[in-house]
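A.B. asks: After the structure tokens below, expect a handful of questions from me.
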Amino acid sequence: MKKTYKIDVDCANCANKMEEAAKNTKGVKDVTVNFMLLKMNVEFEDNVDVKAVMQEVRKNCKKVEDDCEIFL
């Protein structure tokens, strides 16, 4: 399953940090962050609780870039 989320991030480097943090989250198959569009495209592994995974993605992104936001 793939979903797109609106994000708020200040710079392209921060967006790259968010992408890497999200990719390293259990339950995430792949992530692409587009800084210009302020969008995060997430592909989830099969049979996961998308809401729970996205809560972990948000936590992991906040660890690397504390002023970022993902609108769930």
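Here's how to read the names in the structure tokens: chain A, B, ... by the order shown, residue numbers from 1 in each chain, ligand numbers from 1 in the order shown.
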List every residue of chain A that DSSP, applied to the backbone of this structure, assigns to helix (DSSP H, G or I), and report them as a ChimeraX atom specification.

C.D. replies: /A:12-23,50-64

A.B. asks: How about saving the chosen residues, N, CA and C atoms kept, as a CSV table (one decimal), in the first residue's frame?

C.D. replies:
```
chain,number,residue,atom,x,y,z
A,12,ALA,N,16.1,21.3,2.2
A,12,ALA,CA,16.3,20.0,1.4
A,12,ALA,C,17.1,19.0,2.3
A,13,ASN,N,18.1,19.5,3.0
A,13,ASN,CA,18.9,18.6,3.8
A,13,ASN,C,18.1,17.9,4.9
A,14,CYS,N,17.2,18.7,5.5
A,14,CYS,CA,16.3,18.2,6.5
A,14,CYS,C,15.4,17.1,5.9
A,15,ALA,N,14.9,17.4,4.7
A,15,ALA,CA,14.0,16.5,4.0
A,15,ALA,C,14.7,15.2,3.8
A,16,ASN,N,16.0,15.2,3.4
A,16,ASN,CA,16.8,14.0,3.2
A,16,ASN,C,16.9,13.2,4.5
A,17,LYS,N,17.1,13.9,5.6
A,17,LYS,CA,17.2,13.3,6.9
A,17,LYS,C,15.9,12.6,7.3
A,18,MET,N,14.8,13.2,7.0
A,18,MET,CA,13.5,12.7,7.2
A,18,MET,C,13.3,11.4,6.4
A,19,GLU,N,13.7,11.5,5.1
A,19,GLU,CA,13.6,10.3,4.2
A,19,GLU,C,14.3,9.1,4.8
A,20,GLU,N,15.6,9.3,5.2
A,20,GLU,CA,16.4,8.2,5.7
A,20,GLU,C,15.8,7.7,7.0
A,21,ALA,N,15.3,8.5,7.9
A,21,ALA,CA,14.7,8.1,9.1
A,21,ALA,C,13.5,7.3,8.9
A,22,ALA,N,12.7,7.7,7.9
A,22,ALA,CA,11.4,7.0,7.6
A,22,ALA,C,11.7,5.6,7.0
A,23,LYS,N,12.7,5.6,6.1
A,23,LYS,CA,13.1,4.3,5.5
A,23,LYS,C,13.6,3.3,6.5
A,50,VAL,N,-1.1,0.7,9.3
A,50,VAL,CA,-0.5,2.0,8.7
A,50,VAL,C,-0.4,3.1,9.7
A,51,LYS,N,-1.5,3.3,10.5
A,51,LYS,CA,-1.5,4.4,11.5
A,51,LYS,C,-0.3,4.2,12.5
A,52,ALA,N,-0.2,3.0,13.0
A,52,ALA,CA,0.9,2.7,14.0
A,52,ALA,C,2.3,2.9,13.4
A,53,VAL,N,2.5,2.5,12.1
A,53,VAL,CA,3.7,2.7,11.5
A,53,VAL,C,4.0,4.1,11.3
A,54,MET,N,3.0,4.9,10.9
A,54,MET,CA,3.2,6.3,10.6
A,54,MET,C,3.5,7.1,11.9
A,55,GLN,N,3.0,6.6,13.1
A,55,GLN,CA,3.4,7.2,14.3
A,55,GLN,C,4.9,7.0,14.6
A,56,GLU,N,5.4,5.8,14.3
A,56,GLU,CA,6.8,5.5,14.5
A,56,GLU,C,7.6,6.4,13.5
A,57,VAL,N,7.1,6.5,12.2
A,57,VAL,CA,7.8,7.3,11.3
A,57,VAL,C,8.0,8.8,11.8
A,58,ARG,N,6.9,9.3,12.3
A,58,ARG,CA,6.9,10.6,12.9
A,58,ARG,C,7.9,10.8,14.0
A,59,LYS,N,7.9,9.8,14.9
A,59,LYS,CA,8.9,9.8,16.0
A,59,LYS,C,10.3,9.8,15.5
A,60,ASN,N,10.6,8.9,14.6
A,60,ASN,CA,11.9,8.8,14.0
A,60,ASN,C,12.4,10.0,13.3
A,61,CYS,N,11.4,10.7,12.6
A,61,CYS,CA,11.8,11.9,11.9
A,61,CYS,C,12.1,13.0,12.9
A,62,LYS,N,11.3,13.1,13.9
A,62,LYS,CA,11.5,14.1,14.9
A,62,LYS,C,12.9,14.0,15.6
A,63,LYS,N,13.4,12.7,15.7
A,63,LYS,CA,14.7,12.5,16.3
A,63,LYS,C,15.8,13.2,15.5
A,64,VAL,N,15.7,13.2,14.2
A,64,VAL,CA,16.7,13.7,13.3
A,64,VAL,C,16.5,15.2,12.9
```

A.B. asks: With DSSP run on the backbone, what are the strand (DSSP E or B) residues within chain A? I'd like them as a PyMOL selection string.

C.D. replies: chain A and resi 2-8+28-34+39-44+69-71

A.B. asks: Contacts of Asp46 in chain A at 12 Å or less, counting only C-alpha atoms, minus same-chain residues fewer than 2 places along, as an NGL selection string?

C.D. replies: :A and (1-2 or 26-29 or 43-44 or 48-50 or 53)

A.B. asks: Compile the contact shell of range 3-9 of chain A as a count of residues only: residues with an atom at most 7 Å away, counting only C-alpha atoms, same-chain residues fewer than 3 positions apart removed.

C.D. replies: 13
